[in-house]
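data_16.cif (mmCIF, C-alpha atoms)
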```cif
data_final
#
loop_
_atom_site.label_atom_id
_atom_site.label_comp_id
_atom_site.auth_asym_id
_atom_site.auth_seq_id
_atom_site.Cartn_x
_atom_site.Cartn_y
_atom_site.Cartn_z
CA MET A 229 -97.60 -3.49 -145.65
CA LEU A 230 -97.35 -6.69 -147.72
CA ARG A 231 -94.02 -5.57 -149.15
CA LYS A 232 -92.64 -4.78 -145.68
CA TRP A 233 -93.78 -8.19 -144.46
CA MET A 234 -92.08 -9.90 -147.38
CA ARG A 235 -88.78 -8.10 -146.83
CA LEU A 236 -88.59 -8.41 -143.06
CA GLY A 237 -90.92 -11.13 -141.92
CA THR A 238 -90.44 -14.15 -144.16
CA GLY A 239 -86.80 -14.94 -143.48
CA LEU A 240 -85.75 -13.41 -146.80
CA GLY A 241 -84.80 -10.26 -144.92
CA ARG A 242 -83.47 -11.98 -141.80
CA ARG A 243 -79.86 -12.73 -142.68
CA ASN A 244 -76.91 -13.46 -140.45
CA LEU A 245 -75.10 -10.32 -139.28
CA SER A 246 -72.59 -12.03 -136.99
CA LYS A 247 -68.87 -12.31 -137.67
CA ASP A 248 -68.81 -16.09 -138.01
CA ILE A 249 -71.19 -18.50 -139.64
CA THR A 250 -71.60 -22.24 -139.17
CA PRO A 251 -74.16 -24.71 -140.59
CA ALA A 252 -76.16 -24.26 -137.38
CA THR A 253 -76.48 -20.48 -137.69
CA ALA A 254 -78.72 -18.38 -139.91
CA GLN A 255 -78.04 -18.09 -143.62
CA PRO A 256 -75.56 -15.47 -144.89
CA ILE A 257 -76.71 -12.15 -146.28
CA TYR A 258 -77.63 -12.78 -149.92
CA LEU A 259 -76.07 -10.35 -152.42
CA ASP A 260 -75.72 -12.60 -155.46
CA VAL A 261 -78.99 -11.84 -157.24
CA GLN A 262 -77.35 -12.03 -160.69
CA ALA A 263 -76.63 -15.73 -160.07
CA THR A 264 -80.19 -16.43 -158.94
CA SER A 265 -82.93 -14.55 -157.15
CA PRO A 266 -84.95 -15.85 -154.20
CA MET A 267 -88.45 -16.89 -155.15
CA ASP A 268 -91.13 -14.40 -154.25
CA PRO A 269 -93.53 -16.07 -151.75
CA ARG A 270 -96.44 -15.10 -154.00
CA VAL A 271 -94.86 -17.13 -156.81
CA VAL A 272 -94.74 -20.20 -154.57
CA ASP A 273 -98.40 -19.68 -153.64
CA ALA A 274 -99.38 -19.50 -157.32
CA MET A 275 -97.48 -22.70 -158.17
CA LEU A 276 -98.67 -24.94 -155.33
CA PRO A 277 -102.20 -25.71 -156.64
CA TYR A 278 -100.69 -27.00 -159.90
CA MET A 279 -98.38 -29.33 -157.96
CA LEU A 280 -101.09 -30.76 -155.75
CA ASN A 281 -104.64 -30.67 -157.15
CA ASP A 282 -104.49 -29.20 -160.65
CA PHE A 283 -101.64 -31.46 -161.76
CA GLY A 284 -102.95 -32.30 -165.23
CA ASN A 285 -100.96 -32.29 -168.45
CA PRO A 286 -101.73 -28.95 -170.15
CA HIS A 287 -101.74 -30.75 -173.52
CA SER A 288 -104.51 -33.16 -172.45
CA ARG A 289 -107.65 -31.86 -174.17
CA THR A 290 -110.13 -34.53 -173.09
CA HIS A 291 -110.69 -33.80 -169.40
CA ALA A 292 -110.86 -31.06 -166.77
CA TYR A 293 -107.38 -31.70 -165.36
CA GLY A 294 -105.80 -30.83 -168.69
CA TRP A 295 -108.13 -27.87 -169.27
CA LYS A 296 -107.31 -26.39 -165.87
CA ALA A 297 -103.54 -26.76 -166.38
CA GLU A 298 -103.76 -25.30 -169.88
CA GLU A 299 -105.74 -22.33 -168.58
CA GLY A 300 -103.04 -21.62 -166.01
CA VAL A 301 -100.24 -21.89 -168.57
CA GLU A 302 -101.97 -19.59 -171.03
CA GLN A 303 -102.64 -17.00 -168.34
CA ALA A 304 -98.94 -17.14 -167.44
CA ARG A 305 -98.05 -16.68 -171.10
CA LYS A 306 -100.19 -13.53 -171.17
CA TYR A 307 -98.54 -12.09 -168.04
CA ILE A 308 -95.08 -12.56 -169.59
CA ALA A 309 -96.21 -10.98 -172.85
CA ASP A 310 -97.75 -8.01 -171.00
CA LEU A 311 -94.49 -7.43 -169.12
CA ILE A 312 -92.52 -6.96 -172.36
CA LYS A 313 -95.39 -5.43 -174.40
CA ALA A 314 -95.74 -8.45 -176.69
CA ASP A 315 -98.50 -10.69 -178.01
CA PRO A 316 -99.01 -13.87 -175.90
CA ARG A 317 -98.70 -15.95 -179.08
CA ASP A 318 -95.10 -14.72 -179.38
CA ILE A 319 -94.03 -16.40 -176.11
CA VAL A 320 -92.42 -19.86 -176.27
CA PHE A 321 -91.76 -21.63 -172.96
CA THR A 322 -88.32 -23.22 -172.49
CA SER A 323 -86.25 -24.66 -169.64
CA GLY A 324 -84.37 -21.37 -169.12
CA ALA A 325 -82.36 -18.62 -170.78
CA THR A 326 -79.58 -21.00 -171.88
CA GLU A 327 -82.03 -23.05 -173.93
CA SER A 328 -83.70 -19.88 -175.21
CA ASN A 329 -80.36 -18.49 -176.37
CA ASN A 330 -79.44 -21.76 -178.07
CA LEU A 331 -82.80 -21.99 -179.80
CA ALA A 332 -82.70 -18.37 -180.98
CA ILE A 333 -79.13 -18.35 -182.28
CA LYS A 334 -78.89 -21.85 -183.74
CA GLY A 335 -82.50 -21.85 -184.91
CA VAL A 336 -82.23 -18.61 -186.89
CA ALA A 337 -78.79 -19.44 -188.27
CA LYS A 338 -79.77 -22.87 -189.57
CA PHE A 339 -83.00 -21.61 -191.11
CA ARG A 340 -81.42 -18.58 -192.79
CA LYS A 341 -78.46 -20.57 -194.11
CA GLN A 342 -80.77 -21.93 -196.81
CA SER A 343 -80.94 -18.43 -198.29
CA GLY A 344 -77.21 -17.80 -198.13
CA LYS A 345 -77.25 -15.91 -194.82
CA ASN A 346 -74.41 -17.44 -192.81
CA HIS A 347 -72.97 -14.55 -190.76
CA ILE A 348 -73.67 -13.76 -187.09
CA ILE A 349 -72.54 -10.78 -185.02
CA THR A 350 -72.24 -10.79 -181.23
CA LEU A 351 -70.15 -9.19 -178.48
CA GLN A 352 -67.06 -10.47 -176.69
CA THR A 353 -68.84 -9.85 -173.37
CA GLU A 354 -71.86 -12.07 -174.00
CA HIS A 355 -72.94 -14.88 -171.69
CA LYS A 356 -71.00 -18.10 -172.13
CA CYS A 357 -73.96 -19.96 -173.65
CA VAL A 358 -74.20 -17.34 -176.42
CA LEU A 359 -70.47 -17.47 -177.12
CA ASP A 360 -70.47 -21.28 -177.10
CA SER A 361 -73.49 -21.39 -179.44
CA CYS A 362 -71.60 -19.13 -181.84
CA ARG A 363 -68.49 -21.29 -181.64
CA TYR A 364 -70.63 -24.34 -182.38
CA LEU A 365 -71.96 -22.60 -185.48
CA GLU A 366 -68.43 -21.69 -186.56
CA ASN A 367 -67.63 -25.41 -186.54
CA GLU A 368 -70.69 -25.87 -188.76
CA GLY A 369 -69.28 -23.43 -191.33
CA PHE A 370 -70.89 -20.16 -190.20
CA LYS A 371 -68.95 -16.90 -189.93
CA VAL A 372 -69.10 -15.14 -186.57
CA THR A 373 -67.89 -11.64 -185.72
CA TYR A 374 -67.15 -11.04 -182.03
CA LEU A 375 -67.24 -7.27 -181.58
CA PRO A 376 -65.13 -5.60 -178.87
CA VAL A 377 -66.66 -3.14 -176.40
CA ASP A 378 -65.31 0.13 -175.03
CA GLN A 379 -63.82 0.52 -171.55
CA GLY A 380 -67.28 0.99 -170.11
CA GLY A 381 -68.54 -2.22 -171.71
CA LEU A 382 -70.71 -0.52 -174.34
CA ILE A 383 -70.99 -1.50 -177.99
CA ASP A 384 -69.60 0.78 -180.72
CA MET A 385 -72.62 1.41 -182.94
CA LYS A 386 -70.51 2.54 -185.90
CA LEU A 387 -68.47 -0.65 -185.69
CA LEU A 388 -71.65 -2.71 -185.55
CA GLU A 389 -73.04 -0.94 -188.60
CA SER A 390 -69.86 -1.49 -190.59
CA SER A 391 -69.75 -5.17 -189.55
CA ILE A 392 -73.17 -6.00 -191.04
CA THR A 393 -72.85 -7.60 -194.47
CA PRO A 394 -75.37 -8.92 -197.01
CA GLU A 395 -74.74 -12.38 -195.49
CA THR A 396 -75.55 -11.32 -191.90
CA CYS A 397 -78.59 -13.15 -190.54
CA LEU A 398 -78.49 -12.31 -186.83
CA VAL A 399 -77.14 -9.80 -184.31
CA SER A 400 -77.15 -11.04 -180.69
CA VAL A 401 -76.44 -8.52 -177.92
CA MET A 402 -77.10 -8.95 -174.19
CA PHE A 403 -79.56 -6.41 -172.73
CA VAL A 404 -77.99 -6.10 -169.25
CA ASN A 405 -74.57 -7.66 -168.71
CA ASN A 406 -74.58 -10.31 -166.00
CA GLU A 407 -71.16 -9.36 -164.60
CA ILE A 408 -70.90 -5.57 -164.81
CA GLY A 409 -74.55 -4.55 -165.25
CA VAL A 410 -74.01 -2.44 -168.38
CA ILE A 411 -77.18 -1.73 -170.37
CA GLN A 412 -76.60 -1.76 -174.12
CA PRO A 413 -78.41 0.74 -176.44
CA ILE A 414 -81.01 -1.87 -177.37
CA GLU A 415 -83.38 0.48 -179.18
CA GLU A 416 -80.57 1.83 -181.40
CA ILE A 417 -79.41 -1.69 -182.20
CA GLY A 418 -82.96 -2.78 -183.02
CA GLU A 419 -83.46 0.21 -185.32
CA LEU A 420 -80.22 -0.51 -187.17
CA CYS A 421 -80.94 -4.22 -187.56
CA ARG A 422 -84.48 -3.62 -188.80
CA SER A 423 -83.21 -1.09 -191.39
CA ARG A 424 -80.69 -3.64 -192.67
CA GLY A 425 -83.06 -6.63 -192.72
CA VAL A 426 -81.17 -8.49 -189.99
CA TYR A 427 -82.81 -10.31 -187.08
CA PHE A 428 -82.00 -8.91 -183.63
CA HIS A 429 -81.79 -11.21 -180.60
CA THR A 430 -81.14 -10.07 -177.04
CA ASP A 431 -80.42 -12.12 -173.94
CA ALA A 432 -82.63 -10.31 -171.42
CA ALA A 433 -82.20 -12.72 -168.51
CA GLN A 434 -80.81 -9.94 -166.30
CA ALA A 435 -83.17 -7.27 -167.64
CA THR A 436 -86.64 -8.80 -167.58
CA GLY A 437 -88.73 -7.40 -164.74
CA LYS A 438 -85.91 -5.04 -163.72
CA VAL A 439 -85.77 -2.52 -166.56
CA ASN A 440 -88.64 -1.37 -168.77
CA ILE A 441 -88.89 -3.40 -171.99
CA ASP A 442 -91.06 -2.79 -175.05
CA VAL A 443 -90.15 -5.31 -177.75
CA ASN A 444 -92.06 -3.39 -180.43
CA LYS A 445 -90.60 0.02 -179.66
CA MET A 446 -87.12 -1.51 -179.37
CA LYS A 447 -87.62 -3.61 -182.55
CA ILE A 448 -86.47 -6.79 -180.83
CA ASP A 449 -87.10 -9.93 -182.90
CA LEU A 450 -86.08 -12.58 -180.37
CA MET A 451 -85.57 -12.23 -176.61
CA SER A 452 -84.48 -14.75 -173.98
CA ILE A 453 -86.03 -14.77 -170.50
CA SER A 454 -85.04 -16.66 -167.34
CA GLY A 455 -87.45 -17.56 -164.52
CA HIS A 456 -85.00 -17.66 -161.63
CA LYS A 457 -83.55 -14.21 -162.39
CA VAL A 458 -86.93 -12.50 -161.90
CA TYR A 459 -87.91 -14.03 -158.52
CA GLY A 460 -89.47 -17.05 -160.20
CA PRO A 461 -88.58 -20.77 -160.19
CA LYS A 462 -85.50 -22.41 -161.65
CA GLY A 463 -85.86 -24.71 -164.64
CA VAL A 464 -88.14 -22.48 -166.71
CA GLY A 465 -87.65 -19.62 -169.14
CA ALA A 466 -89.14 -18.24 -172.31
CA LEU A 467 -88.17 -17.10 -175.76
CA TYR A 468 -89.99 -14.21 -177.37
CA VAL A 469 -90.23 -14.92 -181.11
CA ARG A 470 -91.77 -12.12 -183.16
CA ARG A 471 -94.63 -13.14 -185.43
CA ARG A 472 -95.17 -9.80 -187.24
CA PRO A 473 -92.95 -9.30 -189.12
CA ARG A 474 -92.48 -13.03 -188.83
CA VAL A 475 -89.23 -14.47 -187.55
CA ARG A 476 -88.57 -17.98 -188.80
CA LEU A 477 -86.24 -20.39 -187.07
CA GLU A 478 -85.51 -24.11 -187.05
CA ALA A 479 -86.55 -26.12 -183.98
CA GLN A 480 -83.66 -27.68 -182.09
CA MET A 481 -85.70 -30.45 -180.46
CA SER A 482 -87.89 -33.10 -182.12
CA GLY A 483 -91.09 -34.39 -180.57
CA GLY A 484 -94.77 -33.60 -180.21
CA GLY A 485 -94.63 -30.14 -181.74
CA GLN A 486 -95.63 -28.17 -178.65
CA GLU A 487 -95.00 -24.41 -178.41
CA ARG A 488 -95.72 -23.61 -182.07
CA GLY A 489 -93.50 -26.54 -183.06
CA LEU A 490 -90.44 -24.68 -181.80
CA ARG A 491 -89.99 -26.47 -178.48
CA SER A 492 -91.36 -29.99 -178.27
CA GLY A 493 -91.98 -31.62 -174.90
CA THR A 494 -94.64 -31.45 -172.20
CA VAL A 495 -94.75 -27.95 -170.76
CA ALA A 496 -93.95 -27.89 -167.02
CA ALA A 497 -97.18 -26.22 -165.94
CA PRO A 498 -96.22 -25.32 -162.32
CA LEU A 499 -92.94 -23.75 -163.46
CA CYS A 500 -94.57 -21.81 -166.29
CA ILE A 501 -97.25 -20.55 -163.91
CA GLY A 502 -94.52 -19.51 -161.45
CA LEU A 503 -92.74 -17.52 -164.18
CA GLY A 504 -96.06 -15.97 -165.17
CA GLU A 505 -96.79 -14.91 -161.59
CA ALA A 506 -93.29 -13.43 -161.30
CA ALA A 507 -94.02 -11.42 -164.45
CA ARG A 508 -97.38 -10.26 -163.06
CA ILE A 509 -95.71 -9.05 -159.87
CA ALA A 510 -93.03 -7.26 -161.90
CA ILE A 511 -95.70 -5.44 -163.93
CA ASP A 512 -97.23 -4.11 -160.72
CA GLU A 513 -94.05 -3.37 -158.78
CA ILE A 514 -91.23 -2.63 -161.25
CA GLU A 515 -91.12 1.09 -160.36
CA LEU A 516 -91.06 0.30 -156.64
CA ASP A 517 -88.31 -2.27 -157.18
CA GLN A 518 -86.25 0.15 -159.27
CA ALA A 519 -86.42 2.89 -156.64
CA HIS A 520 -85.54 0.44 -153.86
CA VAL A 521 -82.55 -0.99 -155.77
CA ARG A 522 -81.26 2.46 -156.81
CA ARG A 523 -81.31 3.69 -153.22
CA LEU A 524 -79.48 0.66 -151.81
CA SER A 525 -77.00 0.61 -154.69
CA LYS A 526 -76.01 4.23 -154.01
CA MET A 527 -75.69 3.44 -150.30
CA LEU A 528 -73.37 0.52 -151.07
CA ILE A 529 -71.15 2.31 -153.60
CA ASP A 530 -70.88 5.56 -151.64
CA GLY A 531 -70.32 3.74 -148.35
CA ILE A 532 -67.38 1.72 -149.70
CA SER A 533 -65.86 4.40 -151.95
CA GLU A 534 -65.91 7.11 -149.28
CA LYS A 535 -64.12 4.95 -146.73
CA LEU A 536 -61.63 3.15 -148.98
CA PRO A 537 -59.22 4.53 -151.59
CA HIS A 538 -58.44 2.74 -154.88
CA ILE A 539 -61.93 1.34 -155.46
CA ILE A 540 -62.79 1.03 -159.15
CA ARG A 541 -66.30 0.44 -160.45
CA ASN A 542 -66.23 -1.79 -163.51
CA GLY A 543 -68.57 -0.86 -166.34
CA ASN A 544 -70.13 2.40 -167.45
CA SER A 545 -71.93 3.69 -164.34
CA LYS A 546 -74.14 6.02 -166.40
CA TYR A 547 -75.56 3.20 -168.51
CA SER A 548 -75.92 0.35 -166.04
CA TYR A 549 -78.48 -1.47 -163.96
CA PRO A 550 -77.90 -0.31 -160.35
CA GLY A 551 -78.64 -3.74 -158.88
CA CYS A 552 -75.43 -5.14 -160.40
CA VAL A 553 -72.37 -3.47 -158.88
CA ASN A 554 -68.92 -4.79 -159.85
CA LEU A 555 -66.07 -3.27 -157.83
CA SER A 556 -62.33 -3.88 -157.97
CA PHE A 557 -60.53 -3.60 -154.62
CA ALA A 558 -56.99 -2.69 -155.71
CA TYR A 559 -54.11 -4.50 -153.93
CA VAL A 560 -56.45 -7.17 -152.58
CA GLU A 561 -56.98 -10.64 -154.05
CA GLY A 562 -60.69 -11.04 -154.80
CA GLU A 563 -60.86 -14.66 -153.68
CA SER A 564 -59.20 -13.74 -150.35
CA LEU A 565 -61.75 -10.99 -149.83
CA LEU A 566 -64.61 -13.37 -150.64
CA MET A 567 -63.33 -15.78 -147.99
CA ALA A 568 -63.06 -12.93 -145.49
CA LEU A 569 -66.66 -11.95 -146.29
CA LYS A 570 -68.00 -15.46 -145.70
CA THR A 571 -71.11 -14.17 -143.91
CA ILE A 572 -72.17 -12.51 -147.18
CA ALA A 573 -73.07 -14.47 -150.32
CA LEU A 574 -71.14 -12.69 -153.09
CA SER A 575 -69.43 -13.58 -156.34
CA SER A 576 -66.24 -12.70 -158.15
CA GLY A 577 -68.00 -12.98 -161.52
CA SER A 578 -70.51 -15.05 -163.45
CA ALA A 579 -71.81 -18.14 -161.63
CA CYS A 580 -71.50 -20.01 -164.94
CA THR A 581 -67.72 -19.55 -165.02
CA SER A 582 -66.94 -19.20 -161.30
CA ALA A 583 -65.06 -22.51 -161.19
CA SER A 584 -62.29 -21.00 -163.31
CA LEU A 585 -59.33 -19.27 -161.67
CA GLU A 586 -58.79 -17.18 -164.78
CA PRO A 587 -59.77 -13.50 -164.53
CA SER A 588 -63.19 -12.69 -165.93
CA TYR A 589 -63.25 -12.53 -169.74
CA VAL A 590 -65.77 -9.69 -169.44
CA LEU A 591 -63.36 -7.59 -167.37
CA ARG A 592 -60.52 -8.42 -169.76
CA ALA A 593 -62.72 -7.30 -172.67
CA ILE A 594 -63.23 -3.85 -171.11
CA GLY A 595 -59.47 -3.47 -170.69
CA SER A 596 -59.24 -4.14 -166.97
CA GLU A 597 -55.70 -4.95 -165.87
CA GLU A 598 -55.24 -8.53 -164.70
CA ASP A 599 -54.56 -7.61 -161.07
CA LEU A 600 -57.71 -5.47 -160.92
CA ALA A 601 -59.74 -8.18 -162.66
CA HIS A 602 -58.56 -10.62 -159.99
CA SER A 603 -59.61 -8.18 -157.25
CA SER A 604 -63.19 -7.72 -158.45
CA ILE A 605 -66.33 -8.53 -156.47
CA ARG A 606 -69.88 -8.48 -157.84
CA PHE A 607 -72.63 -7.24 -155.50
CA GLY A 608 -76.21 -8.14 -156.45
CA ILE A 609 -79.01 -6.07 -154.92
CA GLY A 610 -82.62 -7.10 -155.32
CA ARG A 611 -86.21 -6.85 -154.16
CA PHE A 612 -85.60 -8.46 -150.77
CA THR A 613 -82.27 -6.79 -149.93
CA THR A 614 -82.57 -4.63 -146.81
CA GLU A 615 -80.87 -1.40 -145.75
CA GLU A 616 -79.49 -3.17 -142.68
CA GLU A 617 -77.83 -5.79 -144.90
CA VAL A 618 -76.20 -3.15 -147.11
CA LYS A 619 -74.87 -1.21 -144.13
CA HIS A 620 -73.41 -4.39 -142.64
CA THR A 621 -71.85 -5.28 -146.01
CA VAL A 622 -70.22 -1.85 -146.27
CA ASP A 623 -68.77 -2.07 -142.75
CA LEU A 624 -67.45 -5.59 -143.29
CA CYS A 625 -65.97 -4.79 -146.72
CA VAL A 626 -64.15 -1.77 -145.36
CA ARG A 627 -62.79 -3.62 -142.33
CA GLU A 628 -61.64 -6.73 -144.20
CA THR A 629 -60.16 -4.77 -147.13
CA GLN A 630 -58.11 -2.67 -144.73
CA ARG A 631 -56.96 -5.83 -142.94
CA LEU A 632 -55.92 -7.60 -146.15
CA ARG A 633 -54.16 -4.50 -147.47
CA ASP A 634 -52.20 -4.21 -144.24
CA LEU A 635 -50.89 -7.72 -144.91
CA SER A 636 -49.88 -6.88 -148.49
CA PRO A 637 -46.32 -5.76 -149.29
CA LEU A 638 -47.67 -4.17 -152.48
CA TRP A 639 -49.99 -1.94 -150.44
CA GLU A 640 -47.05 -0.93 -148.26
CA MET A 641 -45.08 0.06 -151.36
CA VAL A 642 -48.01 2.10 -152.68
CA GLN A 643 -48.27 3.88 -149.33
CA GLU A 644 -44.62 4.82 -149.70
CA GLY A 645 -45.37 6.42 -153.05
CA ILE A 646 -43.80 3.73 -155.25
CA ASP A 647 -45.37 3.29 -158.70
CA LEU A 648 -45.70 -0.48 -159.06
CA LYS A 649 -45.80 -0.22 -162.86
CA THR A 650 -42.21 1.04 -162.89
CA ILE A 651 -40.85 -1.99 -161.05
CA GLN A 652 -39.01 -4.68 -163.05
CA TRP A 653 -40.09 -7.92 -161.38
CA THR A 654 -37.78 -10.94 -161.61
CA GLN A 655 -38.63 -14.61 -161.36
CA HIS A 656 -36.80 -17.05 -159.09
#
```

Can the structure in the file be given as structure tokens, please?
Amino acid sequence: MLRKWMRLGTGLGRRNLSKDITPATAQPIYLDVQATSPMDPRVVDAMLPYMLNDFGNPHSRTHAYGWKAEEGVEQARKYIADLIKADPRDIVFTSGATESNNLAIKGVAKFRKQSGKNHIITLQTEHKCVLDSCRYLENEGFKVTYLPVDQGGLIDMKLLESSITPETCLVSVMFVNNEIGVIQPIEEIGELCRSRGVYFHTDAAQATGKVNIDVNKMKIDLMSISGHKVYGPKGVGALYVRRRPRVRLEAQMSGGGQERGLRSGTVAAPLCIGLGEAARIAIDEIELDQAHVRRLSKMLIDGISEKLPHIIRNGNSKYSYPGCVNLSFAYVEGESLLMALKTIALSSGSACTSASLEPSYVLRAIGSEEDLAHSSIRFGIGRFTTEEEVKHTVDLCVRETQRLRDLSPLWEMVQEGIDLKTIQWTQH
């Protein structure tokens, strides 16, 4: 009953289903969960006491305000650890997954460089903050290998194995891709890295609380977590840093030595407690969430694909998280379709690179043709998405795609049986 109330009675499930939307009307349907998830009302409830009455500094050890805040933070740390089957002492609070990724990659690289380990391996489809951290290290004299992926977005394990050298200190591979939802073979990667004495880091911002994670079974050494991707607050995240066998890294921030000396600065108690509560809810409801998301994802994909031809799903559908659906609508410009679907909050790619008019580098990496990359839309389905919203999205997508295709001379040529790849286009 609580879950039904949360989905339909709090406003999270009541989205605008009309054709037009103005600032005075209800909010659009929200299908951009990969960019950020709505906060679970229970997370807000858990945070409020630490904003109002229990506002102490969790590092103040001389009075009850500090003790109460510290107690809340440590309980949150335990919930996060329980979610990923870790020890609470392995959890380091940060400001989000971007900081966690920077700390993991730069911290390990700079510490291991002292022993002659100056090589890092990552994928071409990683999040921008991982790629930029690697480029920063290249400017510092490190060697970085950016591995390609196959057409489904998956890593080639044989290529990874052959790329590891005696100088390799770290392999960083995203757990669930933020644009196409592909799930990498994390356990295989962890096994390989452990056998070769190389640290394994994974950006699990899109995976935490959505897929089952066991850092010990998967032999993960470092793992980045984001609060606002798991129905928690923005501005907080965590980095799992294995203690046994011990992973050593260099702190990237100087200060009071909080968080095992790895992340100095006063811990934001309300935010940490919000992330902890989000983790607690995920522990209890992950199977329910997974079933809900799978059902709505199938409804979305089948509904669009059965009514429209030339719909391409980007990424390996067999090894993907169903809540992230990336579709290319051939012969339609993605940005035009987004504008036509203004009553639905969608994305044409990562929120971190959405200001660019260039086609997604992730789609280019999987071999998507430029016109299809430009026609892609990412649909994000989550805990509070309703069946009514998905049905409305399908109907609107079908109607607007048909309308835009009817306006396209390319679509008219395709209907006449002309192969566009055989045409020699000229510039004027």

Need to verify the contact set: range 472-481 of chain A, 12 Å, only C-alpha atoms, exclusion of same-chain residues closer than 4 positions in sequence. Can you return it as a PyMOL selection string? chain A and resi 314-315+317-318+320+322+327-342+397-398+422+425-429+443-444+447-451+467-468+485-493

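The nearest approach to Gly418 in chain A among the residues A:Lys457, A:Arg508, A:Lys445, A:Lys345, with only C-alpha atoms taken into account, belongs to A:Lys445.
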
Who sits within 10 Å of Ser265 in chain A, all atoms listed in the file, same chain under 5 positions skipped, as a count of residues only: 16

Atom pair CA of Cys552 in chain A + CA of Phe607 in chain A, distance 6.0 Å

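Nearest to His520 in chain A of all the residues A:Thr614, A:Ser556, A:Gln352, A:Pro537 is A:Thr614, counting all atoms listed in the file.
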
Practice item. Run through the PyMOL selection byres ((chain A and resi 598) around 12) on the given coordinates and return the selected residues as a PyMOL selection string. Key: chain A and resi 556+558-559+561-562+585-597+599-604

* To do: Give as a ChimeraX atom specification the residues that the PyMOL selection byres ((chain A and resi 364-381) around 7) matches when applied to the coordinates above.
  => /A:346-352,360-363,382-384,410,543-544,593-595

One decimal place gives the CA of Ile308 in chain A-CA of Val553 in chain A separation as 26.7 Å

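Closest approach to His620 in chain A among A:Phe321, A:Ile408, A:Leu635, A:Ile257 is made by A:Ile257 (distances from only C-alpha atoms).
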
Original post:
CA of Ala304 in chain A and CA of Gly484 in chain A, how far apart in Å?
Top reply: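 If I compute the distance from CA of Gly484 in chain A to CA of Ala304 in chain A, I get 21.2 Å.
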
Just so the selection is clear, what residues does the PyMOL selection byres ((chain A and resi 430-434) around 6) cover here, as a tab-separated table (two decimals) with C-alpha atoms, keeping the file's coordinate frame?
```tsv
chain	number	residue	atom	x	y	z
A	400	SER	CA	-77.15	-11.04	-180.69
A	401	VAL	CA	-76.44	-8.52	-177.92
A	402	MET	CA	-77.10	-8.95	-174.19
A	403	PHE	CA	-79.56	-6.41	-172.73
A	404	VAL	CA	-77.99	-6.10	-169.25
A	429	HIS	CA	-81.79	-11.21	-180.60
A	435	ALA	CA	-83.17	-7.27	-167.64
A	436	THR	CA	-86.64	-8.80	-167.58
A	451	MET	CA	-85.57	-12.23	-176.61
A	452	SER	CA	-84.48	-14.75	-173.98
A	453	ILE	CA	-86.03	-14.77	-170.50
A	454	SER	CA	-85.04	-16.66	-167.34
```

task = Taking the point (-71.3, -15.1, -146.7) as given in the file, collect each protein or nucleic acid residue that comes within 9 Å of it, counting all atoms listed in the file, and present the set as a list in words.
result = Asn244, Ile249, Gln255, Pro256, Ile257, Tyr258, Leu259, Leu566, Met567, Ala568, Leu569, Lys570, Thr571, Ile572, Ala573 and Leu574 of chain A
